[in-house]
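Containing mmCIF, C-alpha atoms: upload.cif.
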```
data_upload
#
loop_
_atom_site.label_atom_id
_atom_site.label_comp_id
_atom_site.auth_asym_id
_atom_site.auth_seq_id
_atom_site.Cartn_x
_atom_site.Cartn_y
_atom_site.Cartn_z
CA MET A 1 -5.84 27.00 -97.57
CA HIS A 2 -7.53 23.96 -96.11
CA ALA A 3 -11.31 23.62 -95.88
CA ARG A 4 -11.06 23.63 -92.11
CA GLY A 5 -9.65 27.13 -92.32
CA LEU A 6 -13.13 28.42 -93.15
CA ARG A 7 -15.62 28.39 -90.35
CA ARG A 8 -19.06 29.60 -89.45
CA LYS A 9 -20.05 29.27 -85.83
CA GLY A 10 -17.43 26.52 -85.42
CA LEU A 11 -18.48 24.59 -88.53
CA CYS A 12 -16.16 23.99 -91.44
CA GLY A 13 -17.16 25.50 -94.75
CA GLY A 14 -15.92 26.73 -98.08
CA TRP A 15 -14.83 30.12 -99.28
CA GLY A 16 -17.20 32.35 -101.39
CA TRP A 17 -21.39 34.11 -105.06
CA GLY A 18 -25.39 35.03 -105.47
CA ARG A 19 -28.96 33.91 -106.41
CA ALA A 20 -31.47 34.14 -109.28
CA LEU A 21 -31.59 31.72 -112.13
CA TRP A 22 -31.82 31.58 -115.87
CA GLY A 23 -35.59 31.79 -115.98
CA LYS A 24 -35.76 28.11 -114.97
CA ARG A 25 -33.40 25.93 -112.99
CA VAL A 26 -30.61 24.37 -115.00
CA PRO A 27 -31.16 20.60 -114.81
CA ALA A 28 -28.14 18.73 -113.47
CA GLY A 29 -26.26 17.09 -116.33
CA ALA A 30 -28.19 19.02 -118.97
CA ASP A 31 -26.73 19.66 -122.40
CA PRO A 32 -25.42 23.28 -122.34
CA GLU A 33 -26.57 23.70 -125.96
CA LEU A 34 -30.12 23.87 -124.64
CA PHE A 35 -29.22 27.12 -122.95
CA GLU A 36 -27.29 28.80 -125.77
CA SER A 37 -29.86 31.54 -126.24
CA ARG A 38 -29.56 32.48 -122.59
CA LEU A 39 -25.78 32.72 -122.78
CA GLU A 40 -25.65 35.26 -125.61
CA LYS A 41 -25.12 38.19 -123.26
CA LEU A 42 -22.36 36.36 -121.41
CA ASN A 43 -20.63 35.53 -124.68
CA ALA A 44 -20.83 39.19 -125.60
CA LEU A 45 -18.97 39.99 -122.39
CA LYS A 46 -16.22 37.61 -123.44
CA LYS A 47 -15.52 39.76 -126.51
CA GLN A 48 -14.43 42.57 -124.20
CA PRO A 49 -10.78 42.82 -123.07
CA VAL A 50 -9.76 40.23 -120.48
CA GLY A 51 -10.20 41.71 -117.02
CA TYR A 52 -12.97 44.12 -118.05
CA CYS A 53 -16.22 43.67 -116.17
CA LYS A 54 -19.30 45.88 -116.22
CA GLN A 55 -20.09 44.61 -112.76
CA VAL A 56 -16.85 46.05 -111.38
CA GLU A 57 -17.34 49.25 -113.40
CA PHE A 58 -20.74 49.59 -111.76
CA MET A 59 -19.22 49.05 -108.33
CA LYS A 60 -16.69 51.81 -109.07
CA TYR A 61 -19.57 54.07 -110.04
CA MET A 62 -21.33 53.25 -106.77
CA ASP A 63 -18.06 53.95 -104.93
CA GLU A 64 -17.86 57.41 -106.45
CA LYS A 65 -21.51 58.07 -105.77
CA ALA A 66 -21.19 56.98 -102.15
CA GLU A 67 -18.06 59.07 -101.67
CA SER A 68 -19.72 62.18 -103.06
CA SER A 69 -22.63 61.74 -100.68
CA GLY A 70 -20.38 61.00 -97.71
CA THR A 71 -21.84 57.53 -97.10
CA LYS A 72 -19.82 54.47 -96.12
CA THR A 73 -21.96 51.77 -97.65
CA LEU A 74 -22.70 50.70 -101.20
CA LYS A 75 -25.68 49.10 -102.88
CA GLY A 76 -26.64 45.87 -101.12
CA GLY A 77 -25.27 47.11 -97.78
CA PHE A 78 -21.62 46.42 -98.66
CA THR A 79 -18.92 48.42 -96.89
CA LYS A 80 -16.99 50.93 -98.95
CA HIS A 81 -13.20 50.45 -98.73
CA LYS A 82 -13.36 47.68 -96.13
CA THR A 83 -9.83 47.75 -94.72
CA LEU A 84 -8.19 45.30 -92.36
CA ASP A 85 -7.94 48.04 -89.73
CA SER A 86 -11.72 48.31 -89.78
CA VAL A 87 -11.94 44.66 -88.75
CA LEU A 88 -8.81 43.97 -86.71
CA ASN A 89 -6.51 46.08 -84.54
CA VAL A 90 -3.35 45.40 -86.55
CA GLU A 91 -1.08 47.13 -84.03
CA MET A 92 -2.32 44.83 -81.27
CA VAL A 93 -1.40 41.66 -83.17
CA LYS A 94 2.03 42.65 -84.46
CA ASP A 95 3.73 40.67 -81.70
CA LYS A 96 1.41 37.69 -82.08
CA THR A 97 2.31 34.49 -83.92
CA ALA A 98 0.42 33.42 -87.04
CA GLU A 99 -1.39 30.75 -85.03
CA GLU A 100 -2.43 33.28 -82.38
CA ILE A 101 -3.72 35.68 -85.04
CA LYS A 102 -5.64 32.82 -86.63
CA GLN A 103 -7.31 32.05 -83.30
CA ILE A 104 -8.20 35.72 -82.79
CA TRP A 105 -9.63 35.95 -86.34
CA ASN A 106 -11.68 32.79 -85.95
CA GLN A 107 -12.97 33.78 -82.52
CA HIS A 108 -13.99 37.22 -83.77
CA PHE A 109 -16.13 35.81 -86.58
CA SER A 110 -17.37 32.63 -84.88
CA SER A 111 -20.56 34.33 -83.69
CA LYS A 112 -21.26 36.18 -86.93
CA ASP A 113 -23.30 35.02 -89.92
CA THR A 114 -20.52 35.29 -92.46
CA ILE A 115 -17.65 33.31 -93.92
CA TYR A 116 -13.98 33.83 -93.17
CA ALA A 117 -10.60 32.16 -93.53
CA VAL A 118 -6.91 32.32 -92.74
CA ILE A 119 -5.09 31.44 -95.96
CA PRO A 120 -1.45 30.25 -96.00
CA ALA A 121 0.74 32.75 -97.87
CA GLU A 122 1.96 30.25 -100.46
CA LYS A 123 -1.61 29.20 -101.24
CA PHE A 124 -2.73 32.78 -101.71
CA ASP A 125 0.33 33.45 -103.89
CA LEU A 126 -0.85 30.73 -106.26
CA ILE A 127 -4.43 32.04 -106.29
CA TRP A 128 -3.26 35.63 -106.82
CA LYS A 129 -0.89 34.72 -109.65
CA ARG A 130 -3.63 32.84 -111.47
CA ALA A 131 -6.20 35.57 -110.81
CA GLN A 132 -3.99 38.08 -112.65
CA LYS A 133 -4.15 35.94 -115.78
CA CYS A 134 -7.73 34.75 -115.32
CA PRO A 135 -9.71 37.38 -113.36
CA THR A 136 -13.17 35.99 -114.12
CA PHE A 137 -14.83 32.63 -113.59
CA LEU A 138 -18.10 30.76 -113.22
CA CYS A 139 -19.27 28.82 -110.17
CA ALA A 140 -22.23 26.47 -109.79
CA LEU A 141 -24.53 26.43 -106.78
CA PRO A 142 -26.78 23.40 -106.13
CA ARG A 143 -30.48 24.16 -106.21
CA LYS A 144 -33.51 21.92 -105.71
CA GLU A 145 -34.06 21.41 -109.43
CA GLY A 146 -30.49 21.66 -110.66
CA TYR A 147 -27.77 24.32 -110.50
CA GLU A 148 -27.53 28.09 -110.51
CA PHE A 149 -24.49 29.80 -112.03
CA PHE A 150 -22.60 32.74 -110.51
CA VAL A 151 -19.97 34.92 -112.12
CA GLY A 152 -16.95 36.05 -110.12
CA GLN A 153 -14.65 38.97 -110.94
CA TRP A 154 -11.45 39.98 -109.16
CA SER A 155 -11.06 43.70 -108.45
CA GLY A 156 -7.79 44.15 -106.63
CA ALA A 157 -7.84 41.85 -103.61
CA GLU A 158 -11.64 41.82 -103.59
CA LEU A 159 -13.55 39.05 -105.34
CA HIS A 160 -17.05 40.11 -106.43
CA PHE A 161 -19.78 37.59 -107.21
CA THR A 162 -23.20 37.96 -108.76
CA SER A 163 -25.60 35.57 -110.44
CA LEU A 164 -25.38 35.00 -114.17
CA ILE A 165 -29.02 35.88 -114.64
CA ASN A 166 -28.42 39.13 -112.75
CA ILE A 167 -25.75 40.11 -115.29
CA GLN A 168 -27.91 39.04 -118.21
CA THR A 169 -30.94 41.02 -117.06
CA GLN A 170 -29.36 44.01 -115.29
CA GLY A 171 -26.24 44.58 -117.37
CA GLU A 172 -23.96 47.19 -115.81
CA ALA A 173 -26.49 47.67 -113.01
CA ALA A 174 -25.83 44.12 -111.81
CA ALA A 175 -24.49 44.82 -108.33
CA SER A 176 -22.43 42.33 -106.36
CA GLN A 177 -24.28 39.84 -104.20
CA LEU A 178 -21.18 38.55 -102.41
CA ILE A 179 -17.74 40.10 -101.90
CA LEU A 180 -14.70 38.28 -100.53
CA TYR A 181 -12.17 40.62 -98.93
CA HIS A 182 -8.56 39.39 -98.85
CA TYR A 183 -6.03 41.13 -96.60
CA PRO A 184 -2.36 40.47 -97.51
CA GLU A 185 -0.95 42.94 -94.96
CA LEU A 186 0.41 40.12 -92.79
CA GLN A 187 1.47 37.88 -95.66
CA LYS A 188 5.22 38.55 -95.63
CA GLU A 189 5.75 38.87 -91.89
CA LYS A 190 3.32 36.23 -90.61
CA GLY A 191 2.84 33.98 -93.65
CA ILE A 192 -0.95 34.32 -93.68
CA VAL A 193 -3.65 36.19 -95.60
CA LEU A 194 -6.88 36.98 -93.78
CA MET A 195 -10.22 36.78 -95.55
CA THR A 196 -13.77 37.71 -94.67
CA ALA A 197 -16.90 38.48 -96.67
CA GLU A 198 -20.10 40.44 -96.98
CA MET A 199 -23.20 39.15 -98.73
CA ASP A 200 -26.61 40.39 -99.73
CA SER A 201 -28.87 38.21 -97.58
CA LYS A 202 -31.76 38.70 -100.01
CA PHE A 203 -29.89 36.47 -102.46
CA LEU A 204 -27.51 34.28 -100.43
CA ASN A 205 -27.34 32.60 -97.06
CA VAL A 206 -24.08 31.67 -95.32
CA SER A 207 -24.04 28.03 -96.47
CA GLU A 208 -24.52 29.07 -100.09
CA ALA A 209 -21.78 31.67 -99.80
CA GLN A 210 -19.48 29.04 -98.32
CA CYS A 211 -20.12 26.70 -101.23
CA ILE A 212 -19.33 29.43 -103.75
CA ALA A 213 -16.22 30.59 -101.89
CA SER A 214 -14.93 27.03 -101.63
CA GLN A 215 -14.93 26.89 -105.41
CA VAL A 216 -12.33 29.67 -105.49
CA GLN A 217 -9.99 27.27 -103.73
CA LEU A 218 -11.19 24.36 -105.87
CA PHE A 219 -10.45 26.06 -109.19
CA TYR A 220 -7.69 28.58 -108.41
CA ALA A 221 -5.61 26.68 -105.83
CA THR A 222 -5.80 23.23 -107.40
CA ASP A 223 -2.80 21.09 -108.31
CA ARG A 224 -4.77 19.55 -111.16
CA SER A 225 -4.02 21.23 -114.48
CA GLU A 226 -7.35 19.98 -115.85
CA THR A 227 -9.29 21.82 -113.13
CA PHE A 228 -7.54 25.16 -113.51
CA GLY A 229 -7.74 24.57 -117.26
CA LEU A 230 -11.47 25.30 -117.00
CA VAL A 231 -10.65 28.76 -115.63
CA GLU A 232 -8.20 29.38 -118.45
CA THR A 233 -10.70 28.24 -121.05
CA PHE A 234 -13.45 30.43 -119.60
CA ASN A 235 -11.20 33.51 -119.77
CA HIS A 236 -9.29 32.95 -123.00
CA ARG A 237 -11.24 30.45 -125.12
CA PRO A 238 -14.90 30.99 -124.13
CA ASN A 239 -16.25 29.27 -127.23
CA GLU A 240 -14.68 26.03 -125.98
CA PHE A 241 -16.01 26.36 -122.44
CA LYS A 242 -18.54 23.75 -121.29
CA TYR A 243 -20.72 24.74 -118.36
CA VAL A 244 -21.40 21.17 -117.34
CA SER A 245 -17.66 20.76 -116.68
CA VAL A 246 -18.00 23.12 -113.70
CA ILE A 247 -20.84 21.02 -112.35
CA ALA A 248 -18.81 17.84 -112.84
CA GLU A 249 -15.85 19.28 -110.89
CA LEU A 250 -18.15 20.47 -108.11
CA GLU A 251 -19.82 17.08 -107.78
CA GLN A 252 -16.49 15.25 -107.87
CA SER A 253 -15.10 17.47 -105.10
CA GLY A 254 -18.12 16.93 -102.87
CA LEU A 255 -18.33 20.63 -102.01
CA GLY A 256 -22.04 20.85 -102.75
CA ARG A 257 -23.13 17.75 -100.85
CA GLU A 258 -24.20 19.59 -97.70
CA LEU A 259 -26.42 21.96 -99.68
CA THR A 260 -27.79 19.14 -101.81
CA ALA A 261 -28.68 17.14 -98.69
CA LYS A 262 -30.62 20.12 -97.31
CA LEU A 263 -32.57 20.38 -100.55
CA ASP A 264 -33.63 16.72 -100.59
#
```
Show me, as structure tokens, the structure contained in the file I just sent.
Amino acid sequence: MHARGLRRKGLCGGWGWGRALWGKRVPAGADPELFESRLEKLNALKKQPVGYCKQVEFMKYMDEKAESSGTKTLKGGFTKHKTLDSVLNVEMVKDKTAEEIKQIWNQHFSSKDTIYAVIPAEKFDLIWKRAQKCPTFLCALPRKEGYEFFVGQWSGAELHFTSLINIQTQGEAAASQLILYHYPELQKEKGIVLMTAEMDSKFLNVSEAQCIASQVQLFYATDRSETFGLVETFNHRPNEFKYVSVIAELEQSGLGRELTAKLD
């Protein structure tokens, strides 16, 4: 998917995690060894089976709780079981071309404070294949005094994000702060996958969510083996993972420049 595929009120953006830091801001370019004590809980998570995530387990618990009470929303105001039919009249677009559906999708969300995208099928295939092997990753969000880290976890076609400090302090009660919903229903017939998102506005604004979401494309859809290698290392060789490498990739890509400019 190209960056221009993501829009907010007609502006290009990225695809889409949270807020809250590690006590203090992480200085840009800092030695990650300085923060070892604050990463102990994250390292403990890495000892669990690949694909396991207390965050997702908590969301499942909230799902069950919401279902038993008959509600349709989860903690943070997220929609339970957000299907494509709840967003788009699928029957009405069956005879439309991929380009026409893309225009309808973009027009629908152009006036909403959210992020969205129309992802080419082959691009999503690559992301999906890699997500099966590496379902968790870390993103960096520019802040005034450095960077804030967010952890992402795939759960089916949903991608849940929450801040690293939220996981460290809340444990299994660390609810999602951003969810990307991917809809592959039209992938085979139309060659596109639709995406939209919901976020907890107490922790993220749209620009921040765009920056985080763009890093999904940056790390999972890249042609550079070195870039996706960071995802593989994070999932399978966590002791070798260097947090500053994520920051370096982000800065090299230029994805965080708009946010950084606003902070200056």
Can you give me, as an mmCIF file with C-alpha atoms, in the coordinates of the input, the residues this file yields under the PyMOL selection byres ((chain A and resi 141-144) around 8)?
```
data_model
loop_
_atom_site.group_PDB
_atom_site.id
_atom_site.type_symbol
_atom_site.label_atom_id
_atom_site.label_comp_id
_atom_site.auth_asym_id
_atom_site.auth_seq_id
_atom_site.Cartn_x
_atom_site.Cartn_y
_atom_site.Cartn_z
ATOM 1 C CA ARG A 25 -33.400 25.930 -112.990
ATOM 2 C CA CYS A 139 -19.270 28.820 -110.170
ATOM 3 C CA ALA A 140 -22.230 26.470 -109.790
ATOM 4 C CA GLU A 145 -34.060 21.410 -109.430
ATOM 5 C CA GLY A 146 -30.490 21.660 -110.660
ATOM 6 C CA TYR A 147 -27.770 24.320 -110.500
ATOM 7 C CA GLU A 148 -27.530 28.090 -110.510
ATOM 8 C CA PHE A 149 -24.490 29.800 -112.030
ATOM 9 C CA PHE A 150 -22.600 32.740 -110.510
ATOM 10 C CA GLU A 208 -24.520 29.070 -100.090
ATOM 11 C CA CYS A 211 -20.120 26.700 -101.230
ATOM 12 C CA ILE A 212 -19.330 29.430 -103.750
ATOM 13 C CA GLY A 256 -22.040 20.850 -102.750
ATOM 14 C CA LEU A 259 -26.420 21.960 -99.680
ATOM 15 C CA THR A 260 -27.790 19.140 -101.810
ATOM 16 C CA LEU A 263 -32.570 20.380 -100.550
ATOM 17 C CA ASP A 264 -33.630 16.720 -100.590
#
```
Practice task
Decode the PyMOL selection byres ((chain A and resi 185) around 12) for the given file into explicit residues and return them as a ChimeraX atom specification.
Solution key: /A:83-85,88,90-91,93-94,121,157,182-184,186-195
Practice task
Expand the PyMOL selection byres ((chain A and resi 102) around 10) into the individual residues it matches in the shown file, reporting them as a list in words.
Solution key: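 Selected by the PyMOL selection byres ((chain A and resi 102) around 10) in this file: Gly5, Lys96, Thr97, Ala98, Glu99, Glu100, Ile101, Gln103, Ile104, Trp105, Asn106, Gln107, His108, Ala117, Val118, Ile119, Ile192, Val193 and Leu194 of chain A.
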Practice task
Rank nothing, just name the residue among A:Leu180, A:Val216, A:Met199, A:Ala209 nearest to Gly156 in chain A, using all atoms listed in the file.
Solution key: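 Looking only at the distances to Gly156 in chain A, the closest residue turns out to be A:Leu180.
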Could the residues of range 112-132 of chain A that have an atom at most 12 Å from range 223-233 of chain A be listed as a tab-separated table, each with its closest atom pair and the distance in Å to one decimal, counting only C-alpha atoms and ordered by chain and ascending residue number?
```
residue	atom	partner	partner_atom	distance
A:Lys123	CA	A:Asp223	CA	10.8
A:Leu126	CA	A:Asp223	CA	10.0
A:Ile127	CA	A:Phe228	CA	10.4
A:Arg130	CA	A:Phe228	CA	8.9
A:Ala131	CA	A:Val231	CA	9.5
A:Gln132	CA	A:Glu232	CA	11.3
```
Practice task
Just give me the gap between CA of Phe161 in chain A and CA of Asn239 in chain A in Å, one decimal is fine.
Solution key: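 For CA of Phe161 in chain A relative to CA of Asn239 in chain A, the distance reads 22.0 Å.
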Practice task
Name the closest residue to Gly152 in chain A among the candidates A:Ile115, A:Ala173, A:Ile165, A:Ile179; distances are taken between atoms, counting all atoms listed in the file.
Solution key: A:Ile179
Practice task
Determine the nearest neighbour of Thr136 in chain A from the options A:Asn235, A:Gly254, A:Ser163, A:Asp113, counting only C-alpha atoms.
Solution key: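 Answer, going by the shortest atom-to-atom distance: A:Asn235.
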Give the centre and edge lengths of an axis-aligned box, in Å to one decimal, that holds all listed atoms of range 143-152 of chain A with 8 Å on each side, as lines of an AutoDock Vina configuration file.
```
center_x = -25.5
center_y = 28.7
center_z = -108.9
size_x = 33.1
size_y = 30.6
size_z = 22.4
```
Problem - Spatial neighbours of Trp128 in chain A, 10 Å, all atoms listed in the file, chain gap at least 6 places, as JSON, numbers by chain - result: {"A": [122, 134, 135, 154, 156, 157, 220, 221]}
Practice task
Find the residue from A:Leu138, A:Lys202, A:Asn166, A:Thr196 that sits nearest to Ser245 in chain A; use all atoms listed in the file when measuring.
Solution key: A:Leu138
